[in-house]
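**Q** Structure incoming, see below.
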Amino acid sequence: MSRAIITATIHDAEHFTEEQRNEIIKSYPAWERKARVSGVPALGSGVIFPVSEETITCERRELPAHWPRIGAMDFGWTHAFAAVELAWDRDADCVYVVKTYRIKEATPVQHAAALRAWGEKLRWMWPRDGNRETLEGAGIALSAQYAAQGLNMWHEFSHYVEGNGQKSVSVEAGLMDMLDRMQTGRFKVFREHHDWFDEFRLYHRRDGKVFKENDDLMAATRYGVMMLRHAQTARAYKDFRRPLVYPKQGYF
């Protein structure tokens with residue numbers, strides 16, 4: 001028998017006015033508020049981001065052109081493909097999730113067709129498995145398949161650079177980076193991105209490990225945060241494309 005979890009928030013109850021919603025929310029005990037308001041199951045100590053959803057939510061608005069932006073993606077097929085665009089207020093060191101995209105069982109051609117509309121020179125960051133070849137791609141690495149479709153793929157996978165110059169792809173380091181930003185008011189998400197918040201509410205650990213289901217936008221966001229140092233403003237974009245893999249194929 002098929003099963004699914006369907007959640008609804010108090011904001012989906014359109015018969016309440018905003019004032020009525022606020023009064024109802026205030027009436028709930030603090031420890032029950034998230035479950036009652038957002039329909040989030042109690043996940044106990046397994047919650048990865050133990051912060052109030054309201055503290056990271058903001059309304060959509062026009063952002064300054066001088067704020068750098070960056071795109072990041074998490075590959076998938078039955079496990080959804082997901083992508084985000086981040087904007088970075090460097091003065092306040094605050095990251096904004098401004099666009100999201102998530103879809104199952106679609107090809108790089110379909111993904112790229114949707115994502116090119118975000119800007120042909122937007123730099124795209126990707127995970128280490130982007131170096132992996134696929135049968136569908138006739139032995140061509142995933143990252144190169146997206147580059148062939150016109151996305152401005154960065155020339156190496158997402159990583160931090162440690163003090164000794166070594167590359168680190170630590171999941172925990174990325175999660176702690178995001179959590180620190182959330183707890184200090186330096187991470188915001190436009191309220192309209194319900195798919196992002198759906199994952200955020202259920203993002204948890206099981207037996208101490210990150211539960212790898214319905215975490216695709218969370219992963220894409222983490223890859224983008226890891227590579228913020230490569231974010232660029234529209235004015236600063238340069239055609240930096242260099243051979244990623246398989247240069248003989250003429251993708252660059």
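Following the order of the structure tokens, first chain is A, next is B, and so on, with residues numbered from 1 inside each chain and ligands from 1 in the order they appear.
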Need the shell around A:His204: protein/DNA/RNA residues with any atom at most 8 Å away, counting only C-alpha atoms. Skip same-chain ones fewer than 6 positions apart. Format as a PDB file with C-alpha atoms, in the first residue's frame?
**A**
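New file around_15.pdb:
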```
ATOM      1  CA  LEU A  43      11.476  14.776  15.173  1.00  0.00           C
ATOM      2  CA  GLY A  46      17.130  14.551  15.087  1.00  0.00           C
ATOM      3  CA  VAL A  47      16.190  17.952  13.655  1.00  0.00           C
ATOM      4  CA  ILE A  48      19.152  19.311  11.669  1.00  0.00           C
ATOM      5  CA  PHE A  49      18.153  22.985  11.750  1.00  0.00           C
ATOM      6  CA  VAL A 210      21.453  12.817   7.729  1.00  0.00           C
ATOM      7  CA  PHE A 211      18.315  11.099   6.425  1.00  0.00           C
TER       8      PHE A 211
END
```
**Q** Go through stretch 136-184 of chain A and flag each residue having an atom no more than 12 Å from stretch 84-107 of chain A; for those, report the closest pair of atoms plus their distance in Å to one decimal, using only C-alpha atoms, ordered by chain and rising number, as CSV.
**A**
```
residue,atom,partner,partner_atom,distance
A:Glu136,CA,A:Thr107,CA,9.2
A:Gly137,CA,A:Thr107,CA,9.9
A:Leu142,CA,A:Thr107,CA,10.6
A:Gln145,CA,A:Thr107,CA,9.9
A:Tyr146,CA,A:Thr107,CA,9.7
A:Gln149,CA,A:Thr107,CA,10.9
A:Asp177,CA,A:Val95,CA,11.2
A:Met178,CA,A:Val95,CA,9.3
A:Leu179,CA,A:Val95,CA,11.9
A:Asp180,CA,A:Cys94,CA,11.1
A:Arg181,CA,A:Cys94,CA,7.5
A:Met182,CA,A:Cys94,CA,9.3
A:Gln183,CA,A:Cys94,CA,11.6
A:Thr184,CA,A:Cys94,CA,9.4
```
**Q** Tell me, in Å to one decimal, how far atom CA of A:Lys188 is from atom CA of A:Gly163.
**A**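 The value is 28.4 Å.
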**Q** Can you list, as a list in words, every protein, DNA or RNA residue that comes within 12 Å of A:Glu162 when you count only C-alpha atoms, leaving out same-chain residues fewer than 6 positions away?
**A**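 Within the cut-off, the hits are Ser168, Val169, Ser170, Ala173 and Met226 of chain A.
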**Q** Would you please extract all helix (DSSP H, G or I) residues from stretch 12-220 of chain A, as assigned by DSSP on the backbone, and give them as a PDB file with C-alpha atoms, in the first residue's frame?
**A**
```pdb
ATOM      1  CA  ASP A  12      -2.885  27.523   3.993  1.00  0.00           C
ATOM      2  CA  GLU A  18      -3.512  37.498   9.182  1.00  0.00           C
ATOM      3  CA  GLU A  19      -4.482  38.976  12.557  1.00  0.00           C
ATOM      4  CA  GLN A  20      -6.461  35.840  13.461  1.00  0.00           C
ATOM      5  CA  ARG A  21      -3.531  33.623  12.454  1.00  0.00           C
ATOM      6  CA  ASN A  22      -1.153  35.563  14.672  1.00  0.00           C
ATOM      7  CA  GLU A  23      -3.515  35.268  17.631  1.00  0.00           C
ATOM      8  CA  ILE A  24      -3.909  31.523  17.112  1.00  0.00           C
ATOM      9  CA  ILE A  25      -0.148  31.041  16.847  1.00  0.00           C
ATOM     10  CA  LYS A  26       0.429  32.981  20.078  1.00  0.00           C
ATOM     11  CA  SER A  27      -2.054  30.755  21.886  1.00  0.00           C
ATOM     12  CA  ALA A  30       6.239  27.167  22.363  1.00  0.00           C
ATOM     13  CA  TRP A  31       7.066  23.445  22.207  1.00  0.00           C
ATOM     14  CA  GLU A  32       3.878  22.685  20.252  1.00  0.00           C
ATOM     15  CA  ARG A  33       3.956  25.711  17.968  1.00  0.00           C
ATOM     16  CA  LYS A  34       5.939  24.271  15.057  1.00  0.00           C
ATOM     17  CA  ALA A  35       3.841  21.110  14.830  1.00  0.00           C
ATOM     18  CA  ARG A  36       0.512  22.909  15.194  1.00  0.00           C
ATOM     19  CA  VAL A  37       1.312  25.853  12.918  1.00  0.00           C
ATOM     20  CA  SER A  38       3.340  24.108  10.216  1.00  0.00           C
ATOM     21  CA  GLY A  44      13.084  15.364  18.547  1.00  0.00           C
ATOM     22  CA  SER A  45      16.863  15.724  18.691  1.00  0.00           C
ATOM     23  CA  GLY A  46      17.130  14.551  15.087  1.00  0.00           C
ATOM     24  CA  GLU A  53      10.903  28.976  10.446  1.00  0.00           C
ATOM     25  CA  GLU A  54       9.750  32.556  10.966  1.00  0.00           C
ATOM     26  CA  THR A  55      13.301  33.735  11.669  1.00  0.00           C
ATOM     27  CA  PRO A 108      19.634  17.324 -18.171  1.00  0.00           C
ATOM     28  CA  VAL A 109      18.094  18.740 -21.344  1.00  0.00           C
ATOM     29  CA  GLN A 110      14.836  19.446 -19.500  1.00  0.00           C
ATOM     30  CA  HIS A 111      16.579  20.793 -16.412  1.00  0.00           C
ATOM     31  CA  ALA A 112      18.800  23.105 -18.415  1.00  0.00           C
ATOM     32  CA  ALA A 113      15.856  24.443 -20.424  1.00  0.00           C
ATOM     33  CA  ALA A 114      14.251  25.605 -17.174  1.00  0.00           C
ATOM     34  CA  LEU A 115      17.434  26.900 -15.549  1.00  0.00           C
ATOM     35  CA  ARG A 116      18.817  28.878 -18.482  1.00  0.00           C
ATOM     36  CA  ALA A 117      16.030  31.385 -17.853  1.00  0.00           C
ATOM     37  CA  TRP A 118      17.747  32.293 -14.577  1.00  0.00           C
ATOM     38  CA  ARG A 128      31.410  15.660  -6.481  1.00  0.00           C
ATOM     39  CA  ASP A 129      29.257  13.018  -8.187  1.00  0.00           C
ATOM     40  CA  GLY A 130      29.026  15.421 -11.122  1.00  0.00           C
ATOM     41  CA  ASN A 131      32.289  13.883 -12.278  1.00  0.00           C
ATOM     42  CA  LEU A 142      27.051  14.713 -15.509  1.00  0.00           C
ATOM     43  CA  SER A 143      28.541  18.180 -15.106  1.00  0.00           C
ATOM     44  CA  ALA A 144      29.680  18.183 -18.742  1.00  0.00           C
ATOM     45  CA  GLN A 145      26.197  17.147 -19.895  1.00  0.00           C
ATOM     46  CA  TYR A 146      24.747  20.274 -18.273  1.00  0.00           C
ATOM     47  CA  ALA A 147      27.534  22.435 -19.670  1.00  0.00           C
ATOM     48  CA  ALA A 148      26.718  21.090 -23.130  1.00  0.00           C
ATOM     49  CA  VAL A 171      28.562  17.543   4.809  1.00  0.00           C
ATOM     50  CA  GLU A 172      28.706  18.500   8.495  1.00  0.00           C
ATOM     51  CA  ALA A 173      30.802  21.589   7.772  1.00  0.00           C
ATOM     52  CA  GLY A 174      28.233  22.731   5.225  1.00  0.00           C
ATOM     53  CA  LEU A 175      25.321  22.090   7.577  1.00  0.00           C
ATOM     54  CA  MET A 176      26.999  23.951  10.432  1.00  0.00           C
ATOM     55  CA  ASP A 177      27.737  26.866   8.106  1.00  0.00           C
ATOM     56  CA  MET A 178      24.048  27.067   7.206  1.00  0.00           C
ATOM     57  CA  LEU A 179      22.895  26.627  10.811  1.00  0.00           C
ATOM     58  CA  ASP A 180      25.232  29.337  12.069  1.00  0.00           C
ATOM     59  CA  ARG A 181      23.835  31.719   9.469  1.00  0.00           C
ATOM     60  CA  MET A 182      20.260  30.846  10.401  1.00  0.00           C
ATOM     61  CA  GLN A 183      20.890  31.362  14.110  1.00  0.00           C
ATOM     62  CA  HIS A 194       7.045  26.247  -0.343  1.00  0.00           C
ATOM     63  CA  ASP A 195       9.037  23.343  -1.778  1.00  0.00           C
ATOM     64  CA  TRP A 196      12.153  24.550   0.071  1.00  0.00           C
ATOM     65  CA  PHE A 197      10.266  24.894   3.367  1.00  0.00           C
ATOM     66  CA  ASP A 198       8.641  21.472   2.906  1.00  0.00           C
ATOM     67  CA  GLU A 199      12.116  19.924   2.961  1.00  0.00           C
ATOM     68  CA  PHE A 200      13.361  22.210   5.736  1.00  0.00           C
ATOM     69  CA  ARG A 201      10.558  21.133   8.078  1.00  0.00           C
ATOM     70  CA  LEU A 202      11.334  17.422   7.722  1.00  0.00           C
ATOM     71  CA  ASP A 216      17.380  17.688  -2.523  1.00  0.00           C
ATOM     72  CA  LEU A 217      16.913  21.451  -2.135  1.00  0.00           C
ATOM     73  CA  MET A 218      18.719  21.303   1.208  1.00  0.00           C
ATOM     74  CA  ALA A 219      21.684  19.674  -0.515  1.00  0.00           C
ATOM     75  CA  ALA A 220      21.684  22.160  -3.397  1.00  0.00           C
TER      76      ALA A 220
END
```
**Q** Determine, counting only C-alpha atoms, which protein, DNA and RNA residues have an atom within 12 Å of an atom of A:Ala234; residues of the same chain fewer than 2 positions away are not included. Present the result as a tab-separated table (two decimals) with N, CA and C atoms, in the first residue's frame.
**A**
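And here is the file that came out, result.tsv:
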```tsv
chain	number	residue	atom	x	y	z
A	64	PRO	N	19.41	44.40	-4.59
A	64	PRO	CA	20.37	45.26	-5.29
A	64	PRO	C	21.18	44.51	-6.34
A	65	ALA	N	21.47	45.18	-7.45
A	65	ALA	CA	22.21	44.56	-8.54
A	65	ALA	C	23.65	44.26	-8.16
A	66	HIS	N	24.17	44.94	-7.13
A	66	HIS	CA	25.57	44.71	-6.76
A	66	HIS	C	25.74	43.51	-5.82
A	67	TRP	N	24.64	42.86	-5.46
A	67	TRP	CA	24.77	41.64	-4.66
A	67	TRP	C	25.15	40.48	-5.58
A	68	PRO	N	26.22	39.77	-5.27
A	68	PRO	CA	26.60	38.62	-6.10
A	68	PRO	C	25.55	37.50	-6.01
A	69	ARG	N	25.49	36.71	-7.05
A	69	ARG	CA	24.57	35.58	-7.08
A	69	ARG	C	25.31	34.32	-7.52
A	70	ILE	N	24.72	33.19	-7.17
A	70	ILE	CA	25.34	31.92	-7.52
A	70	ILE	C	24.24	30.86	-7.63
A	87	ALA	N	21.45	34.74	-3.47
A	87	ALA	CA	21.96	36.11	-3.55
A	87	ALA	C	22.68	36.40	-2.24
A	118	TRP	N	17.24	31.57	-15.75
A	118	TRP	CA	17.75	32.29	-14.58
A	118	TRP	C	18.93	33.19	-14.92
A	119	GLY	N	19.48	33.03	-16.10
A	119	GLY	CA	20.62	33.84	-16.51
A	119	GLY	C	21.69	32.97	-17.12
A	120	GLU	N	22.06	33.24	-18.37
A	120	GLU	CA	22.99	32.37	-19.06
A	120	GLU	C	24.40	32.41	-18.47
A	121	LYS	N	24.72	33.49	-17.72
A	121	LYS	CA	26.06	33.58	-17.16
A	121	LYS	C	26.10	33.28	-15.66
A	122	LEU	N	24.97	32.86	-15.12
A	122	LEU	CA	24.95	32.47	-13.70
A	122	LEU	C	25.87	31.28	-13.50
A	123	ARG	N	26.79	31.38	-12.56
A	123	ARG	CA	27.72	30.29	-12.29
A	123	ARG	C	27.01	29.18	-11.52
A	231	ALA	N	30.64	33.53	-6.05
A	231	ALA	CA	29.46	34.26	-6.51
A	231	ALA	C	29.90	35.52	-7.24
A	232	GLN	N	29.10	35.91	-8.24
A	232	GLN	CA	29.45	37.07	-9.06
A	232	GLN	C	28.24	37.95	-9.30
A	236	ALA	N	30.14	41.71	-13.17
A	236	ALA	CA	31.46	41.11	-13.04
A	236	ALA	C	31.60	39.80	-13.78
A	237	TYR	N	30.50	39.28	-14.32
A	237	TYR	CA	30.57	38.00	-15.02
A	237	TYR	C	31.56	38.08	-16.18
A	238	LYS	N	32.35	37.06	-16.30
A	238	LYS	CA	33.26	36.95	-17.43
A	238	LYS	C	33.08	35.55	-18.03
A	239	ASP	N	33.37	35.44	-19.28
A	239	ASP	CA	33.26	34.13	-19.91
A	239	ASP	C	34.50	33.32	-19.55
```
**Q** What does the distance between atom CA of A:Glu62 and atom CA of A:Pro50 come to in Å, to one decimal place?
**A** 28.7 Å
**Q** In Å, with one decimal, what is the gap from atom CA of A:Tyr160 to atom CA of A:Arg222?
**A**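 Interatomic distance here is 11.1 Å.
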